[in-house]
Amino acid sequence: MTDAPVQPRLSATALLLRDGPAGLEVFMVVRHHQIDFASGALVFPGGKVDPQDHDPRLLQRVAGAESLRPEERACRICTIRETFEEAGVLLARPRGESRLIEAARLSDLIPRYRAALTEGEIALADLLEREDLELAADLLVPFAHWITPVGMPKRFDTHFFLTPAPRDQIAVHDGSESVDSRWVAPAAALAEADAGRLTLVFATRMNLVKLARSADSAAALEASRTAPIVTVMPERIDRADGPALRIPLAAGYGVEEVAVAGMPRP
């Protein structure tokens, strides 16, 4: 009897953007070496959708998600939750206001809620109710959708979102799931990976290639707002020059086949 394929876990990831002296930068974290997926790799903050991301108490506290299907809304909630847990950035507003919470208030929330949320001691809905906040899901711009291929022992159905980093919030890794962090130009991260100084999983690399086409955060956000999201589930194929991964050309990465031995540059 053939074992049934592993079902992919719904997941979400945030690409926090800012403009540095040389142009577009994205916030990335280094996964702890004991994490069972992408250990030691440079990744975007994110993780699996949790049951709490479907909490009905959140329905009235997620701006910009009113017309979304439950799974779509849960992905955006997960993105904001994971960004707070892994990067210390909270995309939330005082309820009824248009501005994001300020750095001074965030510095008070982090020691009271960040670790507790990560450890499951409280739920995101508890934080929002106690502090009378709502999530700024309207700031998340869909960027990509990747599904781990069939046959892999761990599979993820991951939605990638772009969002401008709040100007007065300081992103920093949590020291638990992630052990280092940096703001980096996409092309610079690719160059470091090519030089063997850091590790990138395939989906991260390809999304850095795609992001590197934009000169600044405004251009990246505008390009993503107008581009269709085409699901990518890489297919391993054998070519005369060796194994390769095939992805849809329509997904917008500029290639259809990528040699396993040599990853693309922007």
# chains A, B, ... in the order shown; residues from 1 in each chain; ligands from 1
>>> select_by_dssp(residues="segment 166-201 of chain A", states="strand (DSSP E)", output="number ranges by chain")
A: 178-184
>>> write_last_selection(atoms="C-alpha atoms", output="PDB file, in the first residue's frame")
ATOM      1  CA  SER A 178      15.605  32.913  15.277  1.00  0.00           C
ATOM      2  CA  VAL A 179      19.115  33.642  16.521  1.00  0.00           C
ATOM      3  CA  ASP A 180      20.139  36.555  14.306  1.00  0.00           C
ATOM      4  CA  SER A 181      18.521  39.114  12.057  1.00  0.00           C
ATOM      5  CA  ARG A 182      19.403  41.748   9.523  1.00  0.00           C
ATOM      6  CA  TRP A 183      18.107  44.270   7.060  1.00  0.00           C
ATOM      7  CA  VAL A 184      19.595  43.326   3.717  1.00  0.00           C
TER       8      VAL A 184
END
>>> closest_residue(among="A:Ala215, A:Ala136, A:Ile77, A:Leu190", to="Arg99 of chain A", atoms="only C-alpha atoms")
A:Ala136
>>> residues_around(residues="Ser107 of chain A", least_positions_apart="6", cutoff="12 Å", atoms="only C-alpha atoms", output="number ranges by chain")
A: 84, 88-90, 101, 113-114, 168-171
>>> write_last_selection(atoms="N, CA and C atoms", output="CSV table (one decimal), in the first residue's frame")
chain,number,residue,atom,x,y,z
A,84,PHE,N,5.2,39.8,14.9
A,84,PHE,CA,5.3,40.3,16.2
A,84,PHE,C,6.2,39.3,17.0
A,88,GLY,N,9.4,41.3,16.5
A,88,GLY,CA,9.1,42.4,17.4
A,88,GLY,C,8.4,43.6,16.8
A,89,VAL,N,7.8,43.4,15.6
A,89,VAL,CA,7.1,44.4,14.9
A,89,VAL,C,5.6,44.1,15.0
A,90,LEU,N,4.8,45.1,15.4
A,90,LEU,CA,3.3,44.8,15.5
A,90,LEU,C,2.6,45.7,14.6
A,101,ILE,N,0.4,51.7,16.1
A,101,ILE,CA,0.8,52.0,17.4
A,101,ILE,C,2.3,52.6,17.4
A,113,TYR,N,3.9,40.7,26.3
A,113,TYR,CA,3.1,39.8,25.5
A,113,TYR,C,3.9,39.0,24.5
A,114,ARG,N,5.1,39.4,24.1
A,114,ARG,CA,5.8,38.7,23.0
A,114,ARG,C,6.1,37.3,23.3
A,168,ASP,N,8.9,53.8,13.1
A,168,ASP,CA,9.4,54.0,14.4
A,168,ASP,C,9.5,52.7,15.2
A,169,GLN,N,9.2,51.5,14.6
A,169,GLN,CA,9.4,50.3,15.3
A,169,GLN,C,10.7,49.6,14.9
A,170,ILE,N,11.4,49.0,15.8
A,170,ILE,CA,12.7,48.4,15.6
A,170,ILE,C,12.5,46.9,15.5
A,171,ALA,N,12.8,46.3,14.3
A,171,ALA,CA,12.7,44.9,14.1
A,171,ALA,C,13.9,44.2,14.7
>>> residues_around(residues="Glu256 of chain A", least_positions_apart="3", cutoff="10 Å", atoms="only C-alpha atoms", output="number ranges by chain")
A: 234, 244-253
>>> residues_around(residues="segment 147-149 of chain A", least_positions_apart="5", cutoff="6 Å", atoms="only C-alpha atoms", output="list in words")
Arg155, Phe156, Asp157, Met233 and Pro234 of chain A
>>> write_last_selection(atoms="N, CA and C atoms", output="PDB file, in the first residue's frame")
ATOM      1  N   ARG A 155       5.551  19.536   4.451  1.00  0.00           N
ATOM      2  CA  ARG A 155       5.031  20.337   3.342  1.00  0.00           C
ATOM      3  C   ARG A 155       4.294  21.555   3.890  1.00  0.00           C
ATOM      4  N   PHE A 156       4.455  22.668   3.182  1.00  0.00           N
ATOM      5  CA  PHE A 156       3.829  23.917   3.600  1.00  0.00           C
ATOM      6  C   PHE A 156       3.130  24.567   2.404  1.00  0.00           C
ATOM      7  N   ASP A 157       2.000  25.150   2.688  1.00  0.00           N
ATOM      8  CA  ASP A 157       1.222  25.918   1.723  1.00  0.00           C
ATOM      9  C   ASP A 157       1.359  27.367   2.171  1.00  0.00           C
ATOM     10  N   MET A 233       4.417  25.188  -7.184  1.00  0.00           N
ATOM     11  CA  MET A 233       4.775  23.938  -6.524  1.00  0.00           C
ATOM     12  C   MET A 233       5.879  23.321  -7.367  1.00  0.00           C
ATOM     13  N   PRO A 234       7.143  23.538  -6.998  1.00  0.00           N
ATOM     14  CA  PRO A 234       8.256  23.085  -7.835  1.00  0.00           C
ATOM     15  C   PRO A 234       8.176  21.591  -8.159  1.00  0.00           C
TER      16      PRO A 234
END
>>> select_by_dssp(residues="segment 72-215 of chain A", states="alpha helix (DSSP H)", output="PDB file with N, CA and C atoms, in the first residue's frame")
ATOM      1  N   GLU A  72      -8.017  32.923   3.941  1.00  0.00           N
ATOM      2  CA  GLU A  72      -7.269  34.110   3.540  1.00  0.00           C
ATOM      3  C   GLU A  72      -7.086  35.051   4.732  1.00  0.00           C
ATOM      4  N   ARG A  73      -8.153  35.227   5.501  1.00  0.00           N
ATOM      5  CA  ARG A  73      -8.074  36.095   6.675  1.00  0.00           C
ATOM      6  C   ARG A  73      -7.106  35.504   7.700  1.00  0.00           C
ATOM      7  N   ALA A  74      -7.170  34.180   7.912  1.00  0.00           N
ATOM      8  CA  ALA A  74      -6.273  33.537   8.877  1.00  0.00           C
ATOM      9  C   ALA A  74      -4.814  33.695   8.471  1.00  0.00           C
ATOM     10  N   CYS A  75      -4.517  33.661   7.178  1.00  0.00           N
ATOM     11  CA  CYS A  75      -3.142  33.847   6.709  1.00  0.00           C
ATOM     12  C   CYS A  75      -2.627  35.238   7.056  1.00  0.00           C
ATOM     13  N   ARG A  76      -3.470  36.227   6.906  1.00  0.00           N
ATOM     14  CA  ARG A  76      -3.055  37.593   7.237  1.00  0.00           C
ATOM     15  C   ARG A  76      -2.886  37.762   8.746  1.00  0.00           C
ATOM     16  N   ILE A  77      -3.771  37.171   9.514  1.00  0.00           N
ATOM     17  CA  ILE A  77      -3.631  37.221  10.970  1.00  0.00           C
ATOM     18  C   ILE A  77      -2.338  36.534  11.395  1.00  0.00           C
ATOM     19  N   CYS A  78      -2.086  35.368  10.818  1.00  0.00           N
ATOM     20  CA  CYS A  78      -0.849  34.632  11.118  1.00  0.00           C
ATOM     21  C   CYS A  78       0.382  35.465  10.775  1.00  0.00           C
ATOM     22  N   THR A  79       0.352  36.129   9.629  1.00  0.00           N
ATOM     23  CA  THR A  79       1.481  36.958   9.214  1.00  0.00           C
ATOM     24  C   THR A  79       1.786  38.023  10.254  1.00  0.00           C
ATOM     25  N   ILE A  80       0.759  38.705  10.738  1.00  0.00           N
ATOM     26  CA  ILE A  80       0.966  39.767  11.722  1.00  0.00           C
ATOM     27  C   ILE A  80       1.412  39.187  13.059  1.00  0.00           C
ATOM     28  N   ARG A  81       0.807  38.075  13.472  1.00  0.00           N
ATOM     29  CA  ARG A  81       1.198  37.430  14.725  1.00  0.00           C
ATOM     30  C   ARG A  81       2.652  36.991  14.683  1.00  0.00           C
ATOM     31  N   GLU A  82       3.038  36.300  13.609  1.00  0.00           N
ATOM     32  CA  GLU A  82       4.408  35.804  13.505  1.00  0.00           C
ATOM     33  C   GLU A  82       5.414  36.950  13.394  1.00  0.00           C
ATOM     34  N   THR A  83       5.030  38.046  12.750  1.00  0.00           N
ATOM     35  CA  THR A  83       5.927  39.193  12.641  1.00  0.00           C
ATOM     36  C   THR A  83       6.186  39.798  14.018  1.00  0.00           C
ATOM     37  N   PHE A  84       5.152  39.805  14.866  1.00  0.00           N
ATOM     38  CA  PHE A  84       5.350  40.282  16.235  1.00  0.00           C
ATOM     39  C   PHE A  84       6.225  39.312  17.018  1.00  0.00           C
ATOM     40  N   GLU A  85       5.936  38.012  16.914  1.00  0.00           N
ATOM     41  CA  GLU A  85       6.684  37.018  17.671  1.00  0.00           C
ATOM     42  C   GLU A  85       8.149  36.958  17.236  1.00  0.00           C
ATOM     43  N   GLU A  86       8.402  36.962  15.934  1.00  0.00           N
ATOM     44  CA  GLU A  86       9.755  36.731  15.429  1.00  0.00           C
ATOM     45  C   GLU A  86      10.553  38.006  15.186  1.00  0.00           C
ATOM     46  N   ALA A  87       9.865  39.131  14.934  1.00  0.00           N
ATOM     47  CA  ALA A  87      10.591  40.360  14.606  1.00  0.00           C
ATOM     48  C   ALA A  87      10.326  41.498  15.581  1.00  0.00           C
ATOM     49  N   ALA A 103       6.192  53.543  18.779  1.00  0.00           N
ATOM     50  CA  ALA A 103       7.283  52.758  19.349  1.00  0.00           C
ATOM     51  C   ALA A 103       7.247  52.734  20.872  1.00  0.00           C
ATOM     52  N   ALA A 104       6.868  53.858  21.488  1.00  0.00           N
ATOM     53  CA  ALA A 104       6.852  53.907  22.949  1.00  0.00           C
ATOM     54  C   ALA A 104       5.849  52.908  23.518  1.00  0.00           C
ATOM     55  N   ARG A 105       4.689  52.807  22.888  1.00  0.00           N
ATOM     56  CA  ARG A 105       3.694  51.846  23.377  1.00  0.00           C
ATOM     57  C   ARG A 105       4.140  50.419  23.070  1.00  0.00           C
ATOM     58  N   LEU A 106       4.730  50.215  21.902  1.00  0.00           N
ATOM     59  CA  LEU A 106       5.197  48.877  21.554  1.00  0.00           C
ATOM     60  C   LEU A 106       6.251  48.391  22.546  1.00  0.00           C
ATOM     61  N   SER A 107       7.124  49.277  22.976  1.00  0.00           N
ATOM     62  CA  SER A 107       8.172  48.882  23.924  1.00  0.00           C
ATOM     63  C   SER A 107       7.584  48.420  25.248  1.00  0.00           C
ATOM     64  N   ASP A 108       6.363  48.870  25.553  1.00  0.00           N
ATOM     65  CA  ASP A 108       5.678  48.397  26.749  1.00  0.00           C
ATOM     66  C   ASP A 108       4.992  47.052  26.500  1.00  0.00           C
ATOM     67  N   LEU A 109       4.507  46.844  25.269  1.00  0.00           N
ATOM     68  CA  LEU A 109       3.788  45.609  24.953  1.00  0.00           C
ATOM     69  C   LEU A 109       4.721  44.410  24.801  1.00  0.00           C
ATOM     70  N   ALA A 115       6.759  37.050  24.463  1.00  0.00           N
ATOM     71  CA  ALA A 115       7.115  35.685  24.851  1.00  0.00           C
ATOM     72  C   ALA A 115       5.878  34.873  25.200  1.00  0.00           C
ATOM     73  N   ALA A 116       4.914  35.497  25.861  1.00  0.00           N
ATOM     74  CA  ALA A 116       3.690  34.785  26.248  1.00  0.00           C
ATOM     75  C   ALA A 116       2.917  34.321  25.022  1.00  0.00           C
ATOM     76  N   LEU A 117       2.905  35.143  23.998  1.00  0.00           N
ATOM     77  CA  LEU A 117       2.220  34.765  22.761  1.00  0.00           C
ATOM     78  C   LEU A 117       2.966  33.630  22.078  1.00  0.00           C
ATOM     79  N   THR A 118       4.284  33.723  22.028  1.00  0.00           N
ATOM     80  CA  THR A 118       5.102  32.682  21.407  1.00  0.00           C
ATOM     81  C   THR A 118       4.936  31.344  22.121  1.00  0.00           C
ATOM     82  N   LEU A 124      -3.588  35.774  20.549  1.00  0.00           N
ATOM     83  CA  LEU A 124      -3.526  37.104  19.943  1.00  0.00           C
ATOM     84  C   LEU A 124      -4.793  37.899  20.249  1.00  0.00           C
ATOM     85  N   ALA A 125      -5.948  37.224  20.243  1.00  0.00           N
ATOM     86  CA  ALA A 125      -7.201  37.917  20.540  1.00  0.00           C
ATOM     87  C   ALA A 125      -7.187  38.510  21.948  1.00  0.00           C
ATOM     88  N   ASP A 126      -6.539  37.834  22.901  1.00  0.00           N
ATOM     89  CA  ASP A 126      -6.428  38.364  24.254  1.00  0.00           C
ATOM     90  C   ASP A 126      -5.657  39.679  24.259  1.00  0.00           C
ATOM     91  N   LEU A 127      -4.521  39.697  23.557  1.00  0.00           N
ATOM     92  CA  LEU A 127      -3.710  40.912  23.478  1.00  0.00           C
ATOM     93  C   LEU A 127      -4.536  42.057  22.910  1.00  0.00           C
ATOM     94  N   LEU A 128      -5.225  41.797  21.797  1.00  0.00           N
ATOM     95  CA  LEU A 128      -5.986  42.859  21.138  1.00  0.00           C
ATOM     96  C   LEU A 128      -7.123  43.376  22.009  1.00  0.00           C
ATOM     97  N   GLU A 129      -7.791  42.473  22.714  1.00  0.00           N
ATOM     98  CA  GLU A 129      -8.891  42.900  23.578  1.00  0.00           C
ATOM     99  C   GLU A 129      -8.385  43.701  24.774  1.00  0.00           C
ATOM    100  N   ARG A 130      -7.314  43.238  25.401  1.00  0.00           N
ATOM    101  CA  ARG A 130      -6.784  43.939  26.569  1.00  0.00           C
ATOM    102  C   ARG A 130      -6.276  45.330  26.220  1.00  0.00           C
ATOM    103  N   GLU A 131      -5.673  45.461  25.037  1.00  0.00           N
ATOM    104  CA  GLU A 131      -5.061  46.730  24.643  1.00  0.00           C
ATOM    105  C   GLU A 131      -5.939  47.538  23.689  1.00  0.00           C
ATOM    106  N   PRO A 186      18.091  42.612  -1.280  1.00  0.00           N
ATOM    107  CA  PRO A 186      17.899  41.269  -1.843  1.00  0.00           C
ATOM    108  C   PRO A 186      19.100  40.757  -2.620  1.00  0.00           C
ATOM    109  N   ALA A 187      19.688  41.602  -3.460  1.00  0.00           N
ATOM    110  CA  ALA A 187      20.846  41.161  -4.254  1.00  0.00           C
ATOM    111  C   ALA A 187      22.033  40.824  -3.367  1.00  0.00           C
ATOM    112  N   ALA A 188      22.186  41.545  -2.251  1.00  0.00           N
ATOM    113  CA  ALA A 188      23.300  41.267  -1.336  1.00  0.00           C
ATOM    114  C   ALA A 188      23.115  39.920  -0.649  1.00  0.00           C
ATOM    115  N   ALA A 189      21.881  39.595  -0.268  1.00  0.00           N
ATOM    116  CA  ALA A 189      21.620  38.288   0.349  1.00  0.00           C
ATOM    117  C   ALA A 189      21.927  37.162  -0.630  1.00  0.00           C
ATOM    118  N   LEU A 190      21.560  37.352  -1.883  1.00  0.00           N
ATOM    119  CA  LEU A 190      21.851  36.335  -2.904  1.00  0.00           C
ATOM    120  C   LEU A 190      23.353  36.174  -3.107  1.00  0.00           C
ATOM    121  N   ALA A 191      24.074  37.287  -3.101  1.00  0.00           N
ATOM    122  CA  ALA A 191      25.529  37.219  -3.279  1.00  0.00           C
ATOM    123  C   ALA A 191      26.185  36.488  -2.110  1.00  0.00           C
ATOM    124  N   GLU A 192      25.714  36.733  -0.889  1.00  0.00           N
ATOM    125  CA  GLU A 192      26.278  36.033   0.263  1.00  0.00           C
ATOM    126  C   GLU A 192      26.003  34.537   0.199  1.00  0.00           C
ATOM    127  N   ALA A 193      24.806  34.184  -0.276  1.00  0.00           N
ATOM    128  CA  ALA A 193      24.487  32.764  -0.414  1.00  0.00           C
ATOM    129  C   ALA A 193      25.381  32.117  -1.464  1.00  0.00           C
ATOM    130  N   ASP A 194      25.600  32.811  -2.572  1.00  0.00           N
ATOM    131  CA  ASP A 194      26.465  32.279  -3.633  1.00  0.00           C
ATOM    132  C   ASP A 194      27.898  32.092  -3.141  1.00  0.00           C
ATOM    133  N   PHE A 202      15.077  27.211  -1.376  1.00  0.00           N
ATOM    134  CA  PHE A 202      14.759  27.560  -2.757  1.00  0.00           C
ATOM    135  C   PHE A 202      13.696  28.659  -2.856  1.00  0.00           C
ATOM    136  N   ALA A 203      12.604  28.522  -2.111  1.00  0.00           N
ATOM    137  CA  ALA A 203      11.533  29.522  -2.208  1.00  0.00           C
ATOM    138  C   ALA A 203      12.023  30.891  -1.758  1.00  0.00           C
ATOM    139  N   THR A 204      12.826  30.945  -0.699  1.00  0.00           N
ATOM    140  CA  THR A 204      13.363  32.226  -0.234  1.00  0.00           C
ATOM    141  C   THR A 204      14.246  32.847  -1.298  1.00  0.00           C
ATOM    142  N   ARG A 205      15.120  32.034  -1.886  1.00  0.00           N
ATOM    143  CA  ARG A 205      16.014  32.544  -2.923  1.00  0.00           C
ATOM    144  C   ARG A 205      15.226  33.121  -4.089  1.00  0.00           C
ATOM    145  N   MET A 206      14.242  32.382  -4.557  1.00  0.00           N
ATOM    146  CA  MET A 206      13.486  32.847  -5.717  1.00  0.00           C
ATOM    147  C   MET A 206      12.713  34.124  -5.407  1.00  0.00           C
ATOM    148  N   ASN A 207      12.202  34.235  -4.188  1.00  0.00           N
ATOM    149  CA  ASN A 207      11.477  35.459  -3.846  1.00  0.00           C
ATOM    150  C   ASN A 207      12.415  36.639  -3.656  1.00  0.00           C
ATOM    151  N   LEU A 208      13.646  36.400  -3.267  1.00  0.00           N
ATOM    152  CA  LEU A 208      14.647  37.467  -3.254  1.00  0.00           C
ATOM    153  C   LEU A 208      14.984  37.902  -4.683  1.00  0.00           C
ATOM    154  N   VAL A 209      15.091  36.944  -5.587  1.00  0.00           N
ATOM    155  CA  VAL A 209      15.332  37.276  -6.992  1.00  0.00           C
ATOM    156  C   VAL A 209      14.216  38.175  -7.516  1.00  0.00           C
ATOM    157  N   LYS A 210      12.987  37.807  -7.224  1.00  0.00           N
ATOM    158  CA  LYS A 210      11.830  38.585  -7.669  1.00  0.00           C
ATOM    159  C   LYS A 210      11.818  39.971  -7.030  1.00  0.00           C
ATOM    160  N   LEU A 211      12.107  40.034  -5.737  1.00  0.00           N
ATOM    161  CA  LEU A 211      12.093  41.306  -5.020  1.00  0.00           C
ATOM    162  C   LEU A 211      13.208  42.234  -5.488  1.00  0.00           C
TER     163      LEU A 211
END
>>> atom_distance(atom1="atom CA of Thr163 of chain A", atom2="atom CA of Val258 of chain A")
27.8 Å
>>> atom_distance(atom1="atom CA of Leu133 of chain A", atom2="atom CA of Gly96 of chain A")
8.5 Å
>>> atom_distance(atom1="atom CA of Glu134 of chain A", atom2="atom CA of Glu97 of chain A")
9.2 Å
>>> closest_residue(among="A:Asp238, A:Asp50, A:Glu66, A:Asp55", to="Ala137 of chain A", atoms="only C-alpha atoms")
A:Glu66
>>> residues_around(residues="Phe161 of chain A", least_positions_apart="6", cutoff="9 Å", atoms="only C-alpha atoms", output="number ranges by chain")
A: 12-16, 76, 79, 140-144
>>> residues_around(residues="Glu71 of chain A", least_positions_apart="6", cutoff="10 Å", atoms="only C-alpha atoms", output="PDB file with C-alpha atoms, in the first residue's frame")
ATOM      1  CA  LEU A  10      -1.178  26.473   5.718  1.00  0.00           C
ATOM      2  CA  VAL A  49      -1.358  29.158  10.695  1.00  0.00           C
ATOM      3  CA  ASP A  53      -5.713  32.659  13.914  1.00  0.00           C
ATOM      4  CA  HIS A  54      -9.316  31.512  13.305  1.00  0.00           C
ATOM      5  CA  ILE A  77      -3.631  37.221  10.970  1.00  0.00           C
TER       6      ILE A  77
END
>>> closest_residue(among="A:Leu17, A:Leu100, A:Ala259, A:Leu91", to="Phe44 of chain A", atoms="only C-alpha atoms")
A:Leu17
>>> closest_residue(among="A:Thr158, A:Ser217, A:Gln52, A:Ser224", to="Pro8 of chain A", atoms="only C-alpha atoms")
A:Thr158
>>> closest_residue(among="A:Leu139, A:Val29, A:Ala41, A:Val255", to="Arg225 of chain A", atoms="only C-alpha atoms")
A:Leu139
>>> closest_residue(among="A:Gly242, A:Val232, A:Asp138, A:Ile110", to="Leu68 of chain A", atoms="only C-alpha atoms")
A:Asp138
